[in-house]
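Have a look at input25.pdb below; it lists PDB, C-alpha atoms, pLDDT in the B column.
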```
MODEL        1
ATOM      1  CA  MET H   9      72.206 -44.537 -81.107  1.00 72.00           C
ATOM      2  CA  GLU H  10      72.999 -40.949 -81.955  1.00 79.00           C
ATOM      3  CA  LEU H  11      70.166 -38.413 -81.822  1.00 91.00           C
ATOM      4  CA  ASN H  12      70.586 -35.286 -83.916  1.00 95.00           C
ATOM      5  CA  PHE H  13      68.098 -32.565 -82.931  1.00 95.00           C
ATOM      6  CA  LYS H  14      68.467 -30.729 -86.254  1.00 95.00           C
ATOM      7  CA  GLU H  15      67.556 -33.920 -88.141  1.00 94.00           C
ATOM      8  CA  ILE H  16      64.672 -34.665 -85.742  1.00 95.00           C
ATOM      9  CA  PHE H  17      63.299 -31.122 -86.139  1.00 94.00           C
ATOM     10  CA  THR H  18      63.609 -31.157 -89.954  1.00 92.00           C
ATOM     11  CA  ALA H  19      62.020 -34.624 -90.264  1.00 92.00           C
ATOM     12  CA  PHE H  20      59.282 -33.564 -87.807  1.00 94.00           C
ATOM     13  CA  MET H  21      58.455 -30.403 -89.806  1.00 91.00           C
ATOM     14  CA  VAL H  22      58.411 -32.254 -93.145  1.00 87.00           C
ATOM     15  CA  LEU H  23      56.089 -34.970 -91.775  1.00 91.00           C
ATOM     16  CA  PHE H  24      53.906 -32.393 -89.986  1.00 88.00           C
ATOM     17  CA  ALA H  25      53.409 -30.508 -93.263  1.00 81.00           C
ATOM     18  CA  VAL H  26      52.628 -33.686 -95.234  1.00 83.00           C
ATOM     19  CA  ILE H  27      50.283 -35.219 -92.620  1.00 87.00           C
ATOM     20  CA  ASP H  28      48.624 -31.771 -92.200  1.00 82.00           C
ATOM     21  CA  ILE H  29      46.591 -32.792 -89.139  1.00 87.00           C
ATOM     22  CA  ILE H  30      45.472 -29.173 -88.580  1.00 78.00           C
ATOM     23  CA  GLY H  31      44.145 -29.055 -92.140  1.00 75.00           C
ATOM     24  CA  ASN H  32      42.375 -32.366 -91.558  1.00 81.00           C
ATOM     25  CA  ILE H  33      40.283 -31.012 -88.643  1.00 83.00           C
ATOM     26  CA  PRO H  34      37.182 -30.562 -90.884  1.00 79.00           C
ATOM     27  CA  ILE H  35      37.471 -34.203 -92.045  1.00 81.00           C
ATOM     28  CA  ILE H  36      37.925 -35.377 -88.435  1.00 87.00           C
ATOM     29  CA  ILE H  37      34.813 -33.431 -87.330  1.00 84.00           C
ATOM     30  CA  ASP H  38      32.875 -34.860 -90.269  1.00 81.00           C
ATOM     31  CA  LEU H  39      34.010 -38.405 -89.428  1.00 85.00           C
ATOM     32  CA  ARG H  40      33.026 -37.906 -85.803  1.00 84.00           C
ATOM     33  CA  LYS H  41      29.526 -36.900 -86.920  1.00 81.00           C
ATOM     34  CA  LYS H  42      29.218 -40.014 -89.097  1.00 80.00           C
ATOM     35  CA  ALA H  43      30.668 -42.409 -86.522  1.00 81.00           C
ATOM     36  CA  GLY H  44      29.340 -40.700 -83.408  1.00 79.00           C
ATOM     37  CA  HIS H  45      32.754 -40.947 -81.731  1.00 82.00           C
ATOM     38  CA  ILE H  46      36.381 -41.277 -82.760  1.00 85.00           C
ATOM     39  CA  GLN H  47      38.830 -43.374 -80.770  1.00 90.00           C
ATOM     40  CA  SER H  48      41.667 -40.842 -80.648  1.00 93.00           C
ATOM     41  CA  GLU H  49      44.144 -43.119 -78.836  1.00 94.00           C
ATOM     42  CA  LYS H  50      43.510 -46.024 -81.224  1.00 94.00           C
ATOM     43  CA  ALA H  51      43.754 -43.857 -84.357  1.00 94.00           C
ATOM     44  CA  SER H  52      47.004 -42.205 -83.154  1.00 96.00           C
ATOM     45  CA  ILE H  53      48.650 -45.488 -82.106  1.00 95.00           C
ATOM     46  CA  ILE H  54      47.646 -47.314 -85.329  1.00 96.00           C
ATOM     47  CA  ALA H  55      48.885 -44.391 -87.469  1.00 96.00           C
ATOM     48  CA  GLY H  56      52.168 -44.336 -85.505  1.00 96.00           C
ATOM     49  CA  ILE H  57      52.644 -48.101 -85.915  1.00 96.00           C
ATOM     50  CA  ILE H  58      51.908 -47.915 -89.674  1.00 95.00           C
ATOM     51  CA  LEU H  59      54.425 -45.057 -90.086  1.00 96.00           C
ATOM     52  CA  ILE H  60      57.208 -46.746 -88.094  1.00 96.00           C
ATOM     53  CA  VAL H  61      56.668 -50.203 -89.669  1.00 96.00           C
ATOM     54  CA  PHE H  62      56.641 -48.610 -93.131  1.00 94.00           C
ATOM     55  CA  LEU H  63      59.839 -46.703 -92.316  1.00 94.00           C
ATOM     56  CA  PHE H  64      61.661 -50.001 -91.726  1.00 94.00           C
ATOM     57  CA  LEU H  65      59.853 -52.374 -94.084  1.00 93.00           C
ATOM     58  CA  GLY H  66      58.085 -50.123 -96.621  1.00 88.00           C
ATOM     59  CA  LYS H  67      60.258 -50.692 -99.652  1.00 83.00           C
ATOM     60  CA  SER H  68      60.613 -54.421 -98.928  1.00 91.00           C
ATOM     61  CA  ILE H  69      56.828 -54.905 -98.463  1.00 88.00           C
ATOM     62  CA  LEU H  70      56.055 -53.068-101.709  1.00 87.00           C
ATOM     63  CA  ASN H  71      58.786 -54.979-103.595  1.00 90.00           C
ATOM     64  CA  LEU H  72      57.527 -58.270-102.159  1.00 93.00           C
ATOM     65  CA  ILE H  73      54.037 -57.736-103.591  1.00 92.00           C
ATOM     66  CA  GLY H  74      55.458 -56.317-106.805  1.00 92.00           C
ATOM     67  CA  ILE H  75      54.374 -52.712-106.257  1.00 87.00           C
ATOM     68  CA  ASP H  76      56.744 -49.797-106.608  1.00 85.00           C
ATOM     69  CA  VAL H  77      56.521 -46.681-104.418  1.00 79.00           C
ATOM     70  CA  ASN H  78      55.163 -44.597-107.304  1.00 83.00           C
ATOM     71  CA  SER H  79      52.225 -46.948-107.994  1.00 85.00           C
ATOM     72  CA  PHE H  80      51.443 -46.969-104.276  1.00 81.00           C
ATOM     73  CA  ALA H  81      51.424 -43.158-104.207  1.00 80.00           C
ATOM     74  CA  VAL H  82      49.157 -42.976-107.303  1.00 84.00           C
ATOM     75  CA  ALA H  83      46.622 -45.306-105.618  1.00 82.00           C
ATOM     76  CA  GLY H  84      46.751 -43.128-102.495  1.00 76.00           C
ATOM     77  CA  ALA H  85      46.260 -40.004-104.606  1.00 81.00           C
ATOM     78  CA  PHE H  86      42.914 -41.416-105.813  1.00 84.00           C
ATOM     79  CA  ILE H  87      41.723 -41.925-102.210  1.00 77.00           C
ATOM     80  CA  LEU H  88      42.744 -38.356-101.282  1.00 76.00           C
ATOM     81  CA  PHE H  89      41.013 -37.116-104.453  1.00 86.00           C
ATOM     82  CA  PHE H  90      37.679 -38.674-103.446  1.00 83.00           C
ATOM     83  CA  ILE H  91      37.938 -37.426 -99.840  1.00 77.00           C
ATOM     84  CA  ALA H  92      38.601 -33.924-101.239  1.00 82.00           C
ATOM     85  CA  LEU H  93      35.548 -34.175-103.532  1.00 87.00           C
ATOM     86  CA  GLU H  94      33.407 -35.081-100.512  1.00 83.00           C
ATOM     87  CA  MET H  95      34.663 -31.970 -98.697  1.00 80.00           C
ATOM     88  CA  ILE H  96      34.218 -29.547-101.602  1.00 87.00           C
ATOM     89  CA  LEU H  97      30.896 -30.778-103.017  1.00 88.00           C
ATOM     90  CA  GLY H  98      29.313 -31.838 -99.730  1.00 81.00           C
ATOM     91  CA  ILE H  99      28.573 -35.329-101.075  1.00 80.00           C
ATOM     92  CA  THR H 100      29.044 -38.682 -99.377  1.00 73.00           C
ATOM     93  CA  LEU H 101      31.072 -41.293-101.212  1.00 70.00           C
ATOM     94  CA  TYR H 102      31.878 -43.454 -98.170  1.00 59.00           C
ATOM     95  CA  LYS H 103      28.881 -45.458 -96.989  1.00 55.00           C
ATOM     96  CA  GLN H 104      27.704 -43.905 -93.728  1.00 50.00           C
ATOM     97  CA  GLU H 105      26.294 -47.075 -92.194  1.00 48.00           C
ATOM     98  CA  GLU H 106      29.717 -48.707 -92.314  1.00 53.00           C
ATOM     99  CA  THR H 107      31.385 -45.945 -90.339  1.00 56.00           C
ATOM    100  CA  SER H 108      31.503 -47.167 -86.755  1.00 71.00           C
ATOM    101  CA  PRO H 109      33.840 -45.639 -84.148  1.00 72.00           C
ATOM    102  CA  MET H 110      35.992 -48.785 -84.512  1.00 71.00           C
ATOM    103  CA  THR H 111      36.361 -48.619 -88.321  1.00 79.00           C
ATOM    104  CA  ALA H 112      36.605 -44.804 -88.455  1.00 79.00           C
ATOM    105  CA  ALA H 113      39.678 -44.922 -86.187  1.00 79.00           C
ATOM    106  CA  VAL H 114      41.426 -47.183 -88.693  1.00 87.00           C
ATOM    107  CA  PHE H 115      39.915 -46.243 -92.078  1.00 83.00           C
ATOM    108  CA  PRO H 116      39.954 -43.529 -93.315  1.00 81.00           C
ATOM    109  CA  LEU H 117      41.506 -41.802 -90.263  1.00 88.00           C
ATOM    110  CA  ALA H 118      44.702 -43.730 -89.375  1.00 89.00           C
ATOM    111  CA  PHE H 119      45.020 -44.806 -93.021  1.00 88.00           C
ATOM    112  CA  PRO H 120      45.068 -43.066 -95.491  1.00 81.00           C
ATOM    113  CA  LEU H 121      44.458 -39.690 -93.811  1.00 85.00           C
ATOM    114  CA  ILE H 122      47.309 -39.688 -91.257  1.00 90.00           C
ATOM    115  CA  ALA H 123      49.546 -42.540 -92.436  1.00 91.00           C
ATOM    116  CA  GLY H 124      48.713 -41.944 -96.080  1.00 84.00           C
ATOM    117  CA  PRO H 125      50.652 -42.273 -99.318  1.00 79.00           C
ATOM    118  CA  GLY H 126      52.102 -38.783 -98.890  1.00 79.00           C
ATOM    119  CA  SER H 127      53.528 -39.441 -95.425  1.00 89.00           C
ATOM    120  CA  LEU H 128      54.617 -42.998 -96.274  1.00 88.00           C
ATOM    121  CA  THR H 129      56.491 -41.989 -99.422  1.00 81.00           C
ATOM    122  CA  THR H 130      57.951 -39.017 -97.485  1.00 85.00           C
ATOM    123  CA  LEU H 131      59.301 -41.485 -94.898  1.00 90.00           C
ATOM    124  CA  LEU H 132      61.098 -43.410 -97.635  1.00 82.00           C
ATOM    125  CA  SER H 133      62.718 -40.245 -98.964  1.00 80.00           C
ATOM    126  CA  LEU H 134      63.633 -39.058 -95.423  1.00 87.00           C
ATOM    127  CA  ARG H 135      65.291 -42.415 -94.772  1.00 85.00           C
ATOM    128  CA  ALA H 136      67.671 -41.796 -97.663  1.00 77.00           C
ATOM    129  CA  GLU H 137      68.688 -38.499 -96.040  1.00 82.00           C
ATOM    130  CA  PHE H 138      68.509 -38.911 -92.241  1.00 91.00           C
ATOM    131  CA  ARG H 139      69.385 -41.468 -89.583  1.00 93.00           C
ATOM    132  CA  THR H 140      66.510 -43.866 -88.842  1.00 94.00           C
ATOM    133  CA  GLU H 141      66.368 -43.190 -85.073  1.00 96.00           C
ATOM    134  CA  ASN H 142      65.927 -39.437 -85.707  1.00 96.00           C
ATOM    135  CA  ILE H 143      63.001 -40.141 -88.059  1.00 96.00           C
ATOM    136  CA  VAL H 144      61.406 -42.455 -85.439  1.00 97.00           C
ATOM    137  CA  VAL H 145      61.571 -39.644 -82.834  1.00 97.00           C
ATOM    138  CA  ALA H 146      60.051 -37.215 -85.378  1.00 97.00           C
ATOM    139  CA  VAL H 147      57.215 -39.711 -86.043  1.00 97.00           C
ATOM    140  CA  ILE H 148      56.536 -40.067 -82.274  1.00 97.00           C
ATOM    141  CA  PHE H 149      56.322 -36.266 -81.859  1.00 97.00           C
ATOM    142  CA  ASN H 150      53.897 -36.084 -84.787  1.00 96.00           C
ATOM    143  CA  VAL H 151      51.745 -38.871 -83.288  1.00 97.00           C
ATOM    144  CA  ILE H 152      51.530 -36.913 -79.983  1.00 97.00           C
ATOM    145  CA  ILE H 153      50.329 -33.804 -81.854  1.00 95.00           C
ATOM    146  CA  ILE H 154      47.857 -35.920 -83.875  1.00 95.00           C
ATOM    147  CA  PHE H 155      46.441 -37.331 -80.617  1.00 96.00           C
ATOM    148  CA  ILE H 156      46.034 -33.812 -79.113  1.00 95.00           C
ATOM    149  CA  VAL H 157      44.241 -32.543 -82.257  1.00 92.00           C
ATOM    150  CA  LEU H 158      41.944 -35.613 -82.378  1.00 93.00           C
ATOM    151  CA  LYS H 159      41.138 -35.229 -78.669  1.00 92.00           C
ATOM    152  CA  THR H 160      40.339 -31.512 -78.945  1.00 92.00           C
ATOM    153  CA  SER H 161      38.493 -31.565 -82.306  1.00 87.00           C
ATOM    154  CA  ALA H 162      35.105 -31.168 -80.522  1.00 83.00           C
ATOM    155  CA  ARG H 163      36.382 -28.080 -78.649  1.00 89.00           C
ATOM    156  CA  ILE H 164      37.851 -26.660 -81.862  1.00 84.00           C
ATOM    157  CA  GLU H 165      34.457 -27.202 -83.529  1.00 80.00           C
ATOM    158  CA  ARG H 166      32.686 -25.251 -80.734  1.00 86.00           C
ATOM    159  CA  ILE H 167      35.133 -22.336 -81.052  1.00 89.00           C
ATOM    160  CA  ILE H 168      34.951 -22.120 -84.866  1.00 83.00           C
ATOM    161  CA  GLY H 169      31.209 -22.836 -85.206  1.00 81.00           C
ATOM    162  CA  GLN H 170      29.344 -24.628 -88.008  1.00 78.00           C
ATOM    163  CA  ASN H 171      29.779 -21.871 -90.628  1.00 86.00           C
ATOM    164  CA  GLY H 172      33.481 -21.624 -89.867  1.00 84.00           C
ATOM    165  CA  ILE H 173      33.847 -25.394 -90.234  1.00 79.00           C
ATOM    166  CA  ASP H 174      31.972 -25.377 -93.572  1.00 81.00           C
ATOM    167  CA  ILE H 175      34.254 -22.644 -94.927  1.00 85.00           C
ATOM    168  CA  ILE H 176      37.443 -24.356 -93.633  1.00 80.00           C
ATOM    169  CA  ARG H 177      36.179 -27.695 -94.984  1.00 79.00           C
ATOM    170  CA  LYS H 178      35.802 -26.284 -98.521  1.00 86.00           C
ATOM    171  CA  ILE H 179      39.164 -24.478 -98.389  1.00 85.00           C
ATOM    172  CA  PHE H 180      41.004 -27.565 -97.159  1.00 80.00           C
ATOM    173  CA  GLY H 181      39.067 -29.695 -99.625  1.00 81.00           C
ATOM    174  CA  VAL H 182      40.619 -27.655-102.427  1.00 87.00           C
ATOM    175  CA  ILE H 183      44.079 -27.917-100.768  1.00 82.00           C
ATOM    176  CA  LEU H 184      43.662 -31.697-100.369  1.00 79.00           C
ATOM    177  CA  LEU H 185      42.561 -31.926-104.014  1.00 86.00           C
ATOM    178  CA  ALA H 186      45.692 -30.007-105.035  1.00 86.00           C
ATOM    179  CA  ILE H 187      47.865 -32.380-102.942  1.00 80.00           C
ATOM    180  CA  ALA H 188      46.144 -35.374-104.581  1.00 83.00           C
ATOM    181  CA  VAL H 189      46.718 -33.944-108.080  1.00 88.00           C
ATOM    182  CA  LYS H 190      50.382 -33.122-107.275  1.00 85.00           C
ATOM    183  CA  LEU H 191      50.946 -36.596-105.811  1.00 81.00           C
ATOM    184  CA  PHE H 192      49.281 -38.173-108.852  1.00 88.00           C
ATOM    185  CA  ALA H 193      51.120 -36.047-111.442  1.00 89.00           C
ATOM    186  CA  TYR H 194      54.560 -36.477-109.841  1.00 85.00           C
ATOM    187  CA  ASN H 195      54.249 -40.238-109.466  1.00 84.00           C
ATOM    188  CA  ILE H 196      52.592 -40.878-112.859  1.00 90.00           C
ATOM    189  CA  LYS H 197      55.502 -38.964-114.441  1.00 89.00           C
ATOM    190  CA  ALA H 198      57.968 -41.094-112.449  1.00 86.00           C
ATOM    191  CA  LEU H 199      56.144 -44.279-113.532  1.00 86.00           C
ATOM    192  CA  PHE H 200      56.358 -43.352-117.214  1.00 87.00           C
ATOM    193  CA  GLU H 201      60.036 -42.505-116.883  1.00 82.00           C
ATOM    194  CA  PHE H 202      60.668 -46.078-115.686  1.00 68.00           C
ATOM    195  CA  THR H 203      58.815 -47.686-118.609  1.00 60.00           C
TER
ENDMDL
END
```
Translate this structure into structure tokens?
Amino acid sequence: MELNFKEIFTAFMVLFAVIDIIGNIPIIIDLRKKAGHIQSEKASIIAGIILIVFLFLGKSILNLIGIDVNSFAVAGAFILFFIALEMILGITLYKQEETSPMTAAVFPLAFPLIAGPGSLTTLLSLRAEFRTENIVVAVIFNVIIIFIVLKTSARIERIIGQNGIDIIRKIFGVILLAIAVKLFAYNIKALFEFT
């Protein structure tokens, strides 16, 4: 096992940008309000497991069920699109009564928000470039940061205040919408190139 700190740092930064846990703070706060509480440890561990399992088995799992990476990313883009609409328009598309602390930790927090189509497809492209053990270390570092952000989201909310959160929520809603559109456009184009 040969760890390369340059590879770890690059993979960490790429994943950090794609996961965008800082940008997801408004969604996390919103989820906490709906669920009453978010299990930070559970959400972080589940997201980490999904990312690492997908790193090793992602392509095989998708091939096994007859889904290519591009179709998977398009489906994920739709989920991100609807989450973004919720943030921008202040509407609720997810049923509130179904959001318990247990389910919120898994869906939509661990998947697709943290371990979403963007980060999963990024892992597949990183694997083509970097050594697997370096990517695993980068994933673990990201999971630690995710846990810290989830744990301190209530404190962040107190510092920023309700108006600040509303403004950030709308701004990041637009950013998330742009990511969803980019993810959709790129992968739809790739799908049509194959056909």
Contacts of Asn12 in chain H within 10 Å, all atoms listed in the file, excl. fewer than 5 positions in-chain, as an NGL selection string = :H and (17 or 138-139 or 141-143)
Now that the selection is made, can you save its residues with C-alpha atoms as a PDB file, keeping the file's coordinate frame?
```pdb
ATOM      1  CA  PHE H  17      63.299 -31.122 -86.139  1.00 94.00           C
ATOM      2  CA  PHE H 138      68.509 -38.911 -92.241  1.00 91.00           C
ATOM      3  CA  ARG H 139      69.385 -41.468 -89.583  1.00 93.00           C
ATOM      4  CA  GLU H 141      66.368 -43.190 -85.073  1.00 96.00           C
ATOM      5  CA  ASN H 142      65.927 -39.437 -85.707  1.00 96.00           C
ATOM      6  CA  ILE H 143      63.001 -40.141 -88.059  1.00 96.00           C
TER       7      ILE H 143
END
```
Close residues, Pro120 in chain H itself excluded, 8 Å, only C-alpha atoms, min 5 positions apart in chain, as a ChimeraX atom specification | /H:84,87-88,115,125
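Ranking H:Thr111, H:Ser79, H:Ser52, H:Asn71 by their shortest atom-to-atom distance to Thr129 in chain H, with all atoms listed in the file included, puts H:Ser79 first.
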Long-range neighbours of Thr18 in chain H as a PyMOL selection string, 9 Å cut-off, only C-alpha atoms, 5 positions minimum in chain | chain H and resi 13+23+146
Just C-alpha atoms for this one: save the residues we selected as a PDB file, keeping the file's coordinate frame.
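Full text of out.pdb as output:
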```pdb
ATOM      1  CA  PHE H  13      68.098 -32.565 -82.931  1.00 95.00           C
ATOM      2  CA  LEU H  23      56.089 -34.970 -91.775  1.00 91.00           C
ATOM      3  CA  ALA H 146      60.051 -37.215 -85.378  1.00 97.00           C
TER       4      ALA H 146
END
```
Around range 162-167 of chain H, fit a box with edges along x, y and z, padding it by 8 Å on each side, then list its centre and edge lengths in Å to one decimal as AutoDock Vina command-line options.
```
--center_x 35.3 --center_y -26.8 --center_z -81.1 --size_x 21.2 --size_y 24.8 --size_z 20.9
```
Residue among H:Ile58, H:Ile30, H:Met21, H:Ile37 lying closest to Ile154 in chain H, counting only C-alpha atoms |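 Using only C-alpha atoms, Ile154 in chain H sits closest to H:Ile30.
Between Ile148 in chain H and the residues H:Ile35, H:Ile54, H:Leu134, H:Ala43, the shortest atom-to-atom distance, using only C-alpha atoms, involves H:Ile54.
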So how many Å separate CA of Asn195 in chain H and CA of Ala81 in chain H, to one decimal?
-> 6.6 Å
Point-to-point distance in Å for CA of Arg166 in chain H and CA of His45 in chain H |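 Result for CA of His45 in chain H versus CA of Arg166 in chain H: 15.7 Å, one decimal.
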Go through H:Ala92, H:Ile73, H:Ala51, H:Leu65 and flag the residue nearest Ile183 in chain H, using only C-alpha atoms for the distances.
-> H:Ala92
Could you jot down the CA of Pro34 in chain H to CA of Arg177 in chain H separation for me, Å, one decimal place?
-> 5.1 Å
Hey, what comes out of the PyMOL selection byres ((chain H and resi 63) around 8) on this file? Could you write it as a PyMOL selection string?
-> chain H and resi 59-62+64-66+128+131-132+135
Of the candidates H:Ile27, H:Leu72, H:Val145, H:Ala83, which shows the shortest atom-to-atom distance to Lys14 in chain H, using all atoms listed in the file?
->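 Smallest separation from Lys14 in chain H among the options: H:Val145.
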So, counting all atoms listed in the file, which residue among H:Phe149, H:Phe155, H:Phe80, H:Phe86 is closest to Leu199 in chain H?
->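 Ranked by minimum distance to Leu199 in chain H, first place goes to H:Phe80.
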May I have the protein, DNA and RNA residues with an atom at most 12 Å from (43.6, -35.3, -77.7), counting all atoms listed in the file in the file's coordinates, returned as number ranges by chain?
-> H: 46-52, 151-164
Evaluating the PyMOL selection byres ((chain H and resi 38) around 12) on the displayed file yields which residues, as a PyMOL selection string?
-> chain H and resi 32-37+39-46+91+94-95+98-100+102+104+107+112+116-117+161-162+165+170+173-174+176-177
